[in-house]
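Listing of entry.pdb; format and content: PDB, C-alpha atoms.
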```pdb
ATOM      1  CA  MET A   1    -139.055-102.763 -38.499
ATOM      2  CA  SER A   2    -138.768-101.789 -34.823
ATOM      3  CA  LYS A   3    -136.225 -99.272 -33.570
ATOM      4  CA  GLN A   4    -134.375-102.024 -31.707
ATOM      5  CA  MET A   5    -134.227-104.204 -34.824
ATOM      6  CA  LYS A   6    -132.861-101.303 -36.876
ATOM      7  CA  SER A   7    -130.198-100.648 -34.248
ATOM      8  CA  SER A   8    -129.233-104.332 -34.195
ATOM      9  CA  LEU A   9    -128.971-104.423 -37.998
ATOM     10  CA  LEU A  10    -126.770-101.312 -38.070
ATOM     11  CA  LEU A  11    -124.497-102.798 -35.408
ATOM     12  CA  LEU A  12    -124.268-106.115 -37.295
ATOM     13  CA  ILE A  13    -123.212-104.262 -40.458
ATOM     14  CA  THR A  14    -120.660-102.446 -38.302
ATOM     15  CA  ALA A  15    -119.305-105.791 -37.091
ATOM     16  CA  CYS A  16    -119.008-107.088 -40.658
ATOM     17  CA  ILE A  17    -117.047-104.025 -41.778
ATOM     18  CA  TRP A  18    -114.795-104.058 -38.699
ATOM     19  CA  GLY A  19    -114.088-107.780 -39.008
ATOM     20  CA  SER A  20    -113.005-107.378 -42.629
ATOM     21  CA  ALA A  21    -110.965-104.321 -41.631
ATOM     22  CA  PHE A  22    -108.676-106.479 -39.449
ATOM     23  CA  VAL A  23    -107.428-108.041 -42.684
ATOM     24  CA  ALA A  24    -106.927-104.626 -44.317
ATOM     25  CA  GLN A  25    -105.153-103.280 -41.230
ATOM     26  CA  ARG A  26    -102.734-106.186 -41.086
ATOM     27  CA  GLU A  27    -102.052-106.097 -44.814
ATOM     28  CA  GLY A  28    -101.517-102.321 -44.785
ATOM     29  CA  MET A  29     -98.743-102.549 -42.224
ATOM     30  CA  SER A  30     -96.615-104.461 -44.690
ATOM     31  CA  HIS A  31     -95.885-101.017 -46.110
ATOM     32  CA  VAL A  32     -96.396 -98.394 -43.358
ATOM     33  CA  GLY A  33     -96.082 -98.140 -39.575
ATOM     34  CA  PRO A  34     -99.081 -98.638 -37.246
ATOM     35  CA  PHE A  35     -99.487 -94.971 -36.293
ATOM     36  CA  THR A  36     -99.067 -93.810 -39.894
ATOM     37  CA  PHE A  37    -101.705 -96.294 -40.997
ATOM     38  CA  ASN A  38    -104.132 -95.125 -38.311
ATOM     39  CA  ALA A  39    -103.430 -91.441 -38.971
ATOM     40  CA  VAL A  40    -104.173 -91.707 -42.677
ATOM     41  CA  ARG A  41    -107.185 -94.000 -42.359
ATOM     42  CA  PHE A  42    -108.785 -91.800 -39.705
ATOM     43  CA  ALA A  43    -108.085 -88.728 -41.857
ATOM     44  CA  LEU A  44    -109.856 -90.423 -44.775
ATOM     45  CA  GLY A  45    -112.713 -91.389 -42.466
ATOM     46  CA  ALA A  46    -113.126 -87.808 -41.239
ATOM     47  CA  LEU A  47    -113.115 -86.409 -44.782
ATOM     48  CA  SER A  48    -115.775 -88.905 -45.846
ATOM     49  CA  LEU A  49    -118.105 -87.564 -43.134
ATOM     50  CA  VAL A  50    -117.868 -83.883 -44.087
ATOM     51  CA  PRO A  51    -120.331 -84.001 -47.046
ATOM     52  CA  LEU A  52    -122.804 -85.993 -44.931
ATOM     53  CA  ILE A  53    -122.665 -83.467 -42.080
ATOM     54  CA  ILE A  54    -123.184 -80.515 -44.457
ATOM     55  CA  TRP A  55    -126.108 -82.259 -46.178
ATOM     56  CA  LEU A  56    -127.821 -83.196 -42.898
ATOM     57  CA  ASP A  57    -127.438 -79.668 -41.482
ATOM     58  CA  ARG A  58    -129.033 -78.174 -44.597
ATOM     59  CA  LYS A  59    -131.813 -80.752 -44.548
ATOM     60  CA  SER A  60    -132.556 -80.157 -40.844
ATOM     61  CA  GLY A  61    -133.495 -76.513 -41.403
ATOM     62  CA  LYS A  62    -131.611 -75.461 -38.266
ATOM     63  CA  SER A  63    -130.474 -71.891 -37.847
ATOM     64  CA  ALA A  64    -126.790 -70.943 -37.940
ATOM     65  CA  GLY A  65    -126.870 -70.507 -34.161
ATOM     66  CA  GLU A  66    -128.344 -73.965 -33.583
ATOM     67  CA  ILE A  67    -125.775 -75.572 -35.874
ATOM     68  CA  LYS A  68    -122.958 -73.727 -34.095
ATOM     69  CA  ALA A  69    -124.216 -74.926 -30.703
ATOM     70  CA  SER A  70    -124.473 -78.477 -32.039
ATOM     71  CA  VAL A  71    -120.900 -78.353 -33.341
ATOM     72  CA  LYS A  72    -119.602 -77.001 -30.032
ATOM     73  CA  SER A  73    -121.349 -79.704 -27.999
ATOM     74  CA  SER A  74    -120.282 -82.488 -30.368
ATOM     75  CA  ALA A  75    -116.669 -81.272 -30.442
ATOM     76  CA  ALA A  76    -116.333 -81.503 -26.663
ATOM     77  CA  SER A  77    -117.894 -84.978 -26.534
ATOM     78  CA  GLY A  78    -115.969 -86.128 -29.596
ATOM     79  CA  PHE A  79    -112.643 -85.083 -28.094
ATOM     80  CA  ILE A  80    -113.230 -87.246 -25.006
ATOM     81  CA  ALA A  81    -114.392 -90.219 -27.081
ATOM     82  CA  GLY A  82    -111.482 -89.673 -29.470
ATOM     83  CA  LEU A  83    -108.905 -89.975 -26.693
ATOM     84  CA  ILE A  84    -110.203 -93.415 -25.752
ATOM     85  CA  LEU A  85    -110.570 -94.370 -29.411
ATOM     86  CA  PHE A  86    -106.930 -93.414 -30.028
ATOM     87  CA  CYS A  87    -105.734 -95.694 -27.217
ATOM     88  CA  GLY A  88    -107.816 -98.645 -28.384
ATOM     89  CA  ALA A  89    -106.998 -98.218 -32.073
ATOM     90  CA  SER A  90    -103.264 -97.757 -31.409
ATOM     91  CA  LEU A  91    -102.982-100.861 -29.235
ATOM     92  CA  GLN A  92    -104.967-102.874 -31.763
ATOM     93  CA  GLN A  93    -102.825-101.738 -34.683
ATOM     94  CA  ILE A  94     -99.538-102.434 -32.868
ATOM     95  CA  GLY A  95    -100.820-105.848 -31.785
ATOM     96  CA  LEU A  96    -101.570-106.765 -35.400
ATOM     97  CA  ILE A  97     -97.826-106.607 -36.128
ATOM     98  CA  TYR A  98     -97.278-109.651 -33.918
ATOM     99  CA  THR A  99    -100.475-111.709 -34.255
ATOM    100  CA  THR A 100    -102.990-112.817 -36.885
ATOM    101  CA  ALA A 101    -106.111-110.895 -37.880
ATOM    102  CA  GLY A 102    -108.326-113.663 -36.507
ATOM    103  CA  LYS A 103    -106.638-113.894 -33.097
ATOM    104  CA  ALA A 104    -106.538-110.108 -32.794
ATOM    105  CA  ALA A 105    -110.260-109.920 -33.453
ATOM    106  CA  PHE A 106    -111.115-112.606 -30.889
ATOM    107  CA  VAL A 107    -109.011-111.012 -28.147
ATOM    108  CA  THR A 108    -110.423-107.574 -28.979
ATOM    109  CA  GLY A 109    -113.885-109.149 -28.847
ATOM    110  CA  LEU A 110    -113.467-109.706 -25.123
ATOM    111  CA  TYR A 111    -115.110-106.319 -24.714
ATOM    112  CA  ILE A 112    -118.305-108.359 -24.841
ATOM    113  CA  VAL A 113    -117.613-109.663 -21.328
ATOM    114  CA  ILE A 114    -115.723-106.597 -20.089
ATOM    115  CA  VAL A 115    -118.516-104.104 -20.837
ATOM    116  CA  PRO A 116    -121.059-105.533 -18.341
ATOM    117  CA  PHE A 117    -118.483-105.574 -15.523
ATOM    118  CA  LEU A 118    -117.304-102.034 -16.228
ATOM    119  CA  GLY A 119    -120.977-101.077 -16.306
ATOM    120  CA  LEU A 120    -121.172-101.913 -12.589
ATOM    121  CA  PHE A 121    -119.253 -98.704 -11.902
ATOM    122  CA  LEU A 122    -122.067 -96.848 -13.701
ATOM    123  CA  LYS A 123    -124.642 -98.667 -11.541
ATOM    124  CA  GLN A 124    -125.703-100.937 -14.399
ATOM    125  CA  ARG A 125    -126.770-104.442 -13.428
ATOM    126  CA  ILE A 126    -125.146-107.685 -14.535
ATOM    127  CA  ASN A 127    -126.954-111.029 -14.597
ATOM    128  CA  ALA A 128    -125.788-114.614 -14.273
ATOM    129  CA  ASN A 129    -125.546-115.055 -18.040
ATOM    130  CA  SER A 130    -122.903-112.353 -18.283
ATOM    131  CA  ALA A 131    -120.939-113.838 -15.396
ATOM    132  CA  VAL A 132    -121.018-117.353 -16.885
ATOM    133  CA  GLY A 133    -120.211-115.991 -20.331
ATOM    134  CA  ALA A 134    -117.197-114.152 -18.934
ATOM    135  CA  ILE A 135    -115.780-117.313 -17.347
ATOM    136  CA  ILE A 136    -116.194-119.332 -20.547
ATOM    137  CA  ALA A 137    -114.734-116.542 -22.715
ATOM    138  CA  VAL A 138    -111.699-116.163 -20.472
ATOM    139  CA  TYR A 139    -111.068-119.915 -20.705
ATOM    140  CA  GLY A 140    -111.299-119.583 -24.471
ATOM    141  CA  LEU A 141    -108.757-116.758 -24.327
ATOM    142  CA  TYR A 142    -106.454-119.065 -22.352
ATOM    143  CA  LEU A 143    -106.651-121.752 -25.049
ATOM    144  CA  LEU A 144    -106.301-119.288 -27.907
ATOM    145  CA  CYS A 145    -103.512-117.065 -26.684
ATOM    146  CA  LEU A 146    -101.610-118.354 -23.661
ATOM    147  CA  LYS A 147     -98.406-120.250 -24.316
ATOM    148  CA  SER A 148     -97.219-123.361 -22.463
ATOM    149  CA  ASP A 149     -95.420-121.149 -19.926
ATOM    150  CA  LEU A 150     -98.717-119.302 -19.260
ATOM    151  CA  THR A 151     -97.559-116.066 -20.895
ATOM    152  CA  LEU A 152     -99.425-114.055 -23.505
ATOM    153  CA  GLY A 153     -97.876-113.443 -26.899
ATOM    154  CA  THR A 154     -96.772-109.857 -27.466
ATOM    155  CA  GLY A 155     -99.509-109.108 -29.977
ATOM    156  CA  ASP A 156    -102.194-110.803 -27.884
ATOM    157  CA  LEU A 157    -101.210-108.720 -24.855
ATOM    158  CA  TYR A 158    -101.578-105.477 -26.829
ATOM    159  CA  GLU A 159    -104.995-106.609 -28.041
ATOM    160  CA  LEU A 160    -106.087-107.601 -24.524
ATOM    161  CA  VAL A 161    -105.204-104.215 -23.029
ATOM    162  CA  GLY A 162    -106.870-102.577 -26.023
ATOM    163  CA  ALA A 163    -110.082-104.519 -25.299
ATOM    164  CA  PHE A 164    -110.497-102.544 -22.074
ATOM    165  CA  PHE A 165    -110.323 -99.282 -24.016
ATOM    166  CA  TRP A 166    -112.865-100.571 -26.563
ATOM    167  CA  SER A 167    -115.130-101.486 -23.638
ATOM    168  CA  ALA A 168    -114.805 -97.998 -22.168
ATOM    169  CA  HIS A 169    -115.481 -96.539 -25.615
ATOM    170  CA  ILE A 170    -118.732 -98.517 -25.971
ATOM    171  CA  LEU A 171    -119.969 -97.337 -22.565
ATOM    172  CA  LEU A 172    -118.984 -93.734 -23.291
ATOM    173  CA  ILE A 173    -120.684 -93.702 -26.702
ATOM    174  CA  ASP A 174    -123.817 -95.103 -25.033
ATOM    175  CA  LYS A 175    -123.945 -91.995 -22.846
ATOM    176  CA  LEU A 176    -122.825 -89.376 -25.363
ATOM    177  CA  SER A 177    -124.939 -90.546 -28.307
ATOM    178  CA  ARG A 178    -128.144 -89.842 -26.360
ATOM    179  CA  ARG A 179    -127.449 -86.147 -25.877
ATOM    180  CA  THR A 180    -125.542 -84.930 -28.920
ATOM    181  CA  ASP A 181    -125.574 -85.009 -32.728
ATOM    182  CA  VAL A 182    -124.350 -88.534 -33.466
ATOM    183  CA  ILE A 183    -122.809 -87.795 -36.873
ATOM    184  CA  LYS A 184    -120.856 -84.796 -35.567
ATOM    185  CA  LEU A 185    -119.839 -86.841 -32.512
ATOM    186  CA  SER A 186    -118.452 -89.508 -34.830
ATOM    187  CA  PHE A 187    -116.631 -86.873 -36.889
ATOM    188  CA  PHE A 188    -114.912 -85.182 -33.962
ATOM    189  CA  GLN A 189    -113.836 -88.428 -32.286
ATOM    190  CA  VAL A 190    -112.292 -89.528 -35.587
ATOM    191  CA  VAL A 191    -110.521 -86.167 -36.028
ATOM    192  CA  THR A 192    -109.118 -86.387 -32.490
ATOM    193  CA  CYS A 193    -107.786 -89.898 -33.108
ATOM    194  CA  CYS A 194    -106.347 -88.790 -36.460
ATOM    195  CA  VAL A 195    -104.453 -85.812 -35.003
ATOM    196  CA  LEU A 196    -103.011 -87.838 -32.109
ATOM    197  CA  SER A 197    -101.953 -90.620 -34.494
ATOM    198  CA  PHE A 198    -100.203 -88.127 -36.790
ATOM    199  CA  ILE A 199     -98.322 -86.611 -33.832
ATOM    200  CA  VAL A 200     -96.997 -90.016 -32.738
ATOM    201  CA  ALA A 201     -96.331 -91.097 -36.341
ATOM    202  CA  PHE A 202     -94.177 -88.029 -37.087
ATOM    203  CA  ALA A 203     -92.285 -88.565 -33.822
ATOM    204  CA  THR A 204     -91.630 -92.301 -34.127
ATOM    205  CA  GLU A 205     -92.041 -93.413 -37.747
ATOM    206  CA  THR A 206     -90.845 -92.511 -41.242
ATOM    207  CA  ILE A 207     -93.725 -91.524 -43.512
ATOM    208  CA  GLU A 208     -92.992 -92.166 -47.199
ATOM    209  CA  TRP A 209     -95.248 -91.754 -50.244
ATOM    210  CA  THR A 210     -94.056 -95.077 -51.640
ATOM    211  CA  GLY A 211     -95.320 -96.989 -48.625
ATOM    212  CA  LEU A 212     -98.596 -95.066 -48.577
ATOM    213  CA  SER A 213     -99.224 -95.771 -52.263
ATOM    214  CA  GLN A 214     -98.530 -99.491 -51.773
ATOM    215  CA  ALA A 215    -100.984 -99.555 -48.859
ATOM    216  CA  LEU A 216    -103.615 -97.541 -50.772
ATOM    217  CA  ILE A 217    -106.357-100.206 -50.932
ATOM    218  CA  PRO A 218    -106.129-101.188 -47.217
ATOM    219  CA  LEU A 219    -106.027 -97.476 -46.312
ATOM    220  CA  LEU A 220    -109.101 -96.666 -48.399
ATOM    221  CA  TYR A 221    -111.059 -99.576 -46.925
ATOM    222  CA  GLY A 222    -109.797 -98.905 -43.401
ATOM    223  CA  GLY A 223    -110.536 -95.184 -43.728
ATOM    224  CA  ILE A 224    -113.776 -94.820 -45.641
ATOM    225  CA  CYS A 225    -115.471 -98.107 -44.683
ATOM    226  CA  SER A 226    -114.081 -98.995 -41.243
ATOM    227  CA  VAL A 227    -113.844 -95.439 -39.897
ATOM    228  CA  GLY A 228    -116.178 -93.210 -41.904
ATOM    229  CA  ILE A 229    -119.030 -95.688 -42.277
ATOM    230  CA  ALA A 230    -118.666 -98.215 -39.435
ATOM    231  CA  TYR A 231    -117.877 -95.833 -36.561
ATOM    232  CA  THR A 232    -120.827 -93.696 -37.617
ATOM    233  CA  LEU A 233    -123.105 -96.745 -37.797
ATOM    234  CA  GLN A 234    -121.877 -97.692 -34.307
ATOM    235  CA  VAL A 235    -122.833 -94.310 -32.867
ATOM    236  CA  VAL A 236    -126.231 -94.303 -34.609
ATOM    237  CA  GLY A 237    -126.918 -97.953 -33.769
ATOM    238  CA  GLN A 238    -125.976 -97.625 -30.104
ATOM    239  CA  LYS A 239    -128.486 -94.825 -29.701
ATOM    240  CA  GLY A 240    -131.245 -97.457 -29.720
ATOM    241  CA  ALA A 241    -129.480-100.353 -28.019
ATOM    242  CA  HIS A 242    -128.328-101.271 -24.503
ATOM    243  CA  PRO A 243    -124.504-101.176 -24.287
ATOM    244  CA  THR A 244    -124.253-104.880 -23.397
ATOM    245  CA  GLN A 245    -126.523-105.822 -26.294
ATOM    246  CA  ALA A 246    -124.496-103.583 -28.615
ATOM    247  CA  ALA A 247    -121.243-105.189 -27.486
ATOM    248  CA  ILE A 248    -122.637-108.678 -28.130
ATOM    249  CA  ILE A 249    -123.713-107.847 -31.682
ATOM    250  CA  MET A 250    -120.483-106.026 -32.536
ATOM    251  CA  SER A 251    -118.422-108.915 -31.193
ATOM    252  CA  MET A 252    -119.458-110.820 -34.333
ATOM    253  CA  GLU A 253    -116.585-108.942 -35.966
ATOM    254  CA  THR A 254    -114.429-111.801 -34.662
ATOM    255  CA  VAL A 255    -116.156-114.295 -36.945
ATOM    256  CA  PHE A 256    -115.849-112.030 -39.991
ATOM    257  CA  ALA A 257    -112.168-111.421 -39.192
ATOM    258  CA  VAL A 258    -111.349-115.145 -38.995
ATOM    259  CA  ILE A 259    -113.163-115.793 -42.285
ATOM    260  CA  GLY A 260    -111.415-112.862 -43.962
ATOM    261  CA  GLY A 261    -108.022-113.850 -42.549
ATOM    262  CA  TYR A 262    -108.427-117.359 -43.956
ATOM    263  CA  LEU A 263    -109.763-116.365 -47.392
ATOM    264  CA  ILE A 264    -107.464-113.393 -48.066
ATOM    265  CA  LEU A 265    -104.328-113.901 -45.948
ATOM    266  CA  GLY A 266    -104.357-117.688 -45.686
ATOM    267  CA  GLU A 267    -104.234-117.540 -41.868
ATOM    268  CA  LEU A 268    -104.930-120.811 -40.077
ATOM    269  CA  LEU A 269    -105.427-121.636 -36.392
ATOM    270  CA  ASP A 270    -104.214-124.854 -34.774
ATOM    271  CA  THR A 271    -106.666-127.202 -33.043
ATOM    272  CA  ARG A 272    -106.136-125.573 -29.642
ATOM    273  CA  GLY A 273    -106.766-122.146 -31.164
ATOM    274  CA  VAL A 274    -109.972-123.259 -32.881
ATOM    275  CA  ILE A 275    -111.294-124.738 -29.608
ATOM    276  CA  GLY A 276    -110.386-121.491 -27.856
ATOM    277  CA  CYS A 277    -112.328-119.494 -30.470
ATOM    278  CA  VAL A 278    -115.354-121.744 -29.959
ATOM    279  CA  PHE A 279    -115.270-121.196 -26.184
ATOM    280  CA  MET A 280    -114.923-117.440 -26.659
ATOM    281  CA  LEU A 281    -117.813-117.384 -29.114
ATOM    282  CA  VAL A 282    -120.004-119.356 -26.679
ATOM    283  CA  GLY A 283    -119.020-116.949 -23.925
ATOM    284  CA  MET A 284    -120.076-114.043 -26.120
ATOM    285  CA  ILE A 285    -123.449-115.614 -27.011
ATOM    286  CA  ILE A 286    -124.554-116.721 -23.522
ATOM    287  CA  PRO A 287    -125.347-113.157 -22.336
ATOM    288  CA  GLN A 288    -127.894-112.988 -25.196
ATOM    289  CA  LEU A 289    -129.837-116.034 -23.977
ATOM    290  CA  PRO A 290    -132.829-115.879 -21.591
ATOM    291  CA  PRO A 291    -131.501-115.025 -18.116
ATOM    292  CA  ILE A 292    -130.456-117.877 -15.835
ATOM    293  CA  ARG A 293    -131.076-115.713 -12.809
ATOM    294  CA  ARG A 294    -131.558-111.991 -12.970
ATOM    295  CA  ASN A 295    -129.123-109.541 -11.481
ATOM    296  CA  ILE A 296    -127.066-111.839  -9.260
ATOM    297  CA  ILE A 297    -124.506-109.082  -9.151
ATOM    298  CA  ALA A 298    -125.556-105.493  -8.856
ATOM    299  CA  GLN A 299    -124.429-102.211  -7.469
ATOM    300  CA  GLU A 300    -127.291-100.322  -5.915
TER     301      GLU A 300
END
```
Any chance you could put this one into structure tokens?
Amino acid sequence: MSKQMKSSLLLLITACIWGSAFVAQREGMSHVGPFTFNAVRFALGALSLVPLIIWLDRKSGKSAGEIKASVKSSAASGFIAGLILFCGASLQQIGLIYTTAGKAAFVTGLYIVIVPFLGLFLKQRINANSAVGAIIAVYGLYLLCLKSDLTLGTGDLYELVGAFFWSAHILLIDKLSRRTDVIKLSFFQVVTCCVLSFIVAFATETIEWTGLSQALIPLLYGGICSVGIAYTLQVVGQKGAHPTQAAIIMSMETVFAVIGGYLILGELLDTRGVIGCVFMLVGMIIPQLPPIRRNIIAQE
């Protein structure tokens, strides 16, 4: 299996875990606040990575000095990535209070068309497929989320703003994963997000053991699987994939979220919403097709 194929497979597994996690995240907030949920699940995710980091360091045969340098470099990069991750995760979690898991996933999935345009600022090229895909996806967003008075629902607005942070996170990970230890990078970004979430949770929410125990299963899935496993797979997978390609594959989380929302939570979309999802999905797929015309928009 080629390196690119391996990266694509890892990112697809990531999308499957993240899509299912939308259901767990929404269900968990029946018992705890959004920042409490994120704080605990990111804490669980960080703890799940510790044994892996220790094992890999021992297996690598690196000296104590080399390991220390690796930790220092990863900590700095992880802190920056963690700040953006905290913003995206917080907006997503708050948005899930007001909207369904499926809609939240589709709006979040707009990073697929945002990433190429943000990449222009990094002198990355964008072709006609991405431009056409963006137009179609935005129309799908209009059908899915905009009301008759052309306003976004509260939850959809949170998810839309969050999509820009997820886009920035994908581009940042693309840069950082190529020059630092990817597992340690994942660990430190998760720790940063965890600490910031705990700070806000203690300041704005009431943390009770009863609520945490009732949300145990969603927290365990959201922490160990969505954070510990999926965010690590994202960092490892992106190391061998172009950021636009990575965004396209990971956007499949929207499909898994809609399926999970229907099977587990009984969430249904109306006809307009289903058509909107179809347009958004088409808009996400078009950038993967053979180019219509290469690099019609570029920043030299």
Query raised in the report: Once the PyMOL selection byres ((chain A and resi 24) around 12) has been applied to the shown file, what residues remain in the selection, as a ChimeraX atom specification?
Result: /A:17-23,25-31,37-38,41,93,96,100-101,215-223,225-226,257,260-261,264-265
Only C-alpha atoms, please: the residues just picked out, written as a CSV table (one decimal), keeping the file's coordinate frame.
```
chain,number,residue,atom,x,y,z
A,17,ILE,CA,-117.0,-104.0,-41.8
A,18,TRP,CA,-114.8,-104.1,-38.7
A,19,GLY,CA,-114.1,-107.8,-39.0
A,20,SER,CA,-113.0,-107.4,-42.6
A,21,ALA,CA,-111.0,-104.3,-41.6
A,22,PHE,CA,-108.7,-106.5,-39.4
A,23,VAL,CA,-107.4,-108.0,-42.7
A,25,GLN,CA,-105.2,-103.3,-41.2
A,26,ARG,CA,-102.7,-106.2,-41.1
A,27,GLU,CA,-102.1,-106.1,-44.8
A,28,GLY,CA,-101.5,-102.3,-44.8
A,29,MET,CA,-98.7,-102.5,-42.2
A,30,SER,CA,-96.6,-104.5,-44.7
A,31,HIS,CA,-95.9,-101.0,-46.1
A,37,PHE,CA,-101.7,-96.3,-41.0
A,38,ASN,CA,-104.1,-95.1,-38.3
A,41,ARG,CA,-107.2,-94.0,-42.4
A,93,GLN,CA,-102.8,-101.7,-34.7
A,96,LEU,CA,-101.6,-106.8,-35.4
A,100,THR,CA,-103.0,-112.8,-36.9
A,101,ALA,CA,-106.1,-110.9,-37.9
A,215,ALA,CA,-101.0,-99.6,-48.9
A,216,LEU,CA,-103.6,-97.5,-50.8
A,217,ILE,CA,-106.4,-100.2,-50.9
A,218,PRO,CA,-106.1,-101.2,-47.2
A,219,LEU,CA,-106.0,-97.5,-46.3
A,220,LEU,CA,-109.1,-96.7,-48.4
A,221,TYR,CA,-111.1,-99.6,-46.9
A,222,GLY,CA,-109.8,-98.9,-43.4
A,223,GLY,CA,-110.5,-95.2,-43.7
A,225,CYS,CA,-115.5,-98.1,-44.7
A,226,SER,CA,-114.1,-99.0,-41.2
A,257,ALA,CA,-112.2,-111.4,-39.2
A,260,GLY,CA,-111.4,-112.9,-44.0
A,261,GLY,CA,-108.0,-113.8,-42.5
A,264,ILE,CA,-107.5,-113.4,-48.1
A,265,LEU,CA,-104.3,-113.9,-45.9
```
**Report entry** Computed interatomic separation between atom CA of Ser74 of chain A and atom CA of Cys87 of chain A (Å)
**Finding:** 19.9 Å
Query - the PyMOL selection byres ((chain A and resi 273) around 12) applied to the shown file, residues as a VMD selection string - result: chain A and resid 100 102 to 103 106 to 107 139 to 147 258 267 to 272 274 to 280
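Interatomic distance, atom CA of Lys6 of chain A against atom CA of Gly237 of chain A: 7.5 Å.
Atom CA of Leu83 of chain A is found 23.7 Å from atom CA of Gln245 of chain A.
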Requested in this report: Kindly resolve the PyMOL selection byres ((chain A and resi 70) around 12) on the present coordinates and return the residues as a list of chain:residue names.
Outcome: A:Ile53, A:Asp57, A:Lys62, A:Ser63, A:Ala64, A:Gly65, A:Glu66, A:Ile67, A:Lys68, A:Ala69, A:Val71, A:Lys72, A:Ser73, A:Ser74, A:Ala75, A:Ala76, A:Ser77, A:Gly78, A:Arg179, A:Thr180, A:Asp181, A:Val182, A:Ile183, A:Lys184, A:Leu185, A:Phe188
Report task. With a distance cut-off of 12 Å and all atoms listed in the file, select the neighbouring residues of Glu205 of chain A, excluding the residue or stretch itself and same-chain residues fewer than 2 positions from it, and output the selection as a ChimeraX atom specification. Result -> /A:31-37,39,197-203,207-208,211
Report summary line: Min atom-atom distance to Glu253 of chain A from the set A:Ala105, A:Lys3, A:Gly240, A:Phe121, counting only C-alpha atoms, belongs to A:Ala105
Report task. Would you list the contacts of Leu171 of chain A as a list in words, taking every protein, DNA or RNA residue within 10 Å and counting all atoms listed in the file, but skipping same-chain residues closer than 2 positions in sequence? Result ->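 Counting all atoms listed in the file, the residues come to Val115, Pro116, Leu118, Gly119, Leu122, Phe165, Trp166, Ser167, Ala168, His169, Ile173, Asp174, Lys175, Leu176, Gln238, His242, Pro243, Thr244, Ala246 and Ala247 of chain A.
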Limited to C-alpha atoms, could you put the picked residues into a file as a short mmCIF file (atom, residue, chain, number, x, y, z; two decimals), in the frame of the given file?
```cif
data_model
loop_
_atom_site.label_atom_id
_atom_site.label_comp_id
_atom_site.auth_asym_id
_atom_site.auth_seq_id
_atom_site.Cartn_x
_atom_site.Cartn_y
_atom_site.Cartn_z
CA VAL A 115 -118.52 -104.10 -20.84
CA PRO A 116 -121.06 -105.53 -18.34
CA LEU A 118 -117.30 -102.03 -16.23
CA GLY A 119 -120.98 -101.08 -16.31
CA LEU A 122 -122.07 -96.85 -13.70
CA PHE A 165 -110.32 -99.28 -24.02
CA TRP A 166 -112.86 -100.57 -26.56
CA SER A 167 -115.13 -101.49 -23.64
CA ALA A 168 -114.80 -98.00 -22.17
CA HIS A 169 -115.48 -96.54 -25.62
CA ILE A 173 -120.68 -93.70 -26.70
CA ASP A 174 -123.82 -95.10 -25.03
CA LYS A 175 -123.94 -92.00 -22.85
CA LEU A 176 -122.82 -89.38 -25.36
CA GLN A 238 -125.98 -97.62 -30.10
CA HIS A 242 -128.33 -101.27 -24.50
CA PRO A 243 -124.50 -101.18 -24.29
CA THR A 244 -124.25 -104.88 -23.40
CA ALA A 246 -124.50 -103.58 -28.62
CA ALA A 247 -121.24 -105.19 -27.49
#
```
Requested in this report: Using all atoms listed in the file, find the one residue out of A:Ala241, A:Val40, A:Leu91, A:Val190 that sits nearest to Leu160 of chain A.
Outcome: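 Counting all atoms listed in the file, the residue closest to Leu160 of chain A is A:Leu91.
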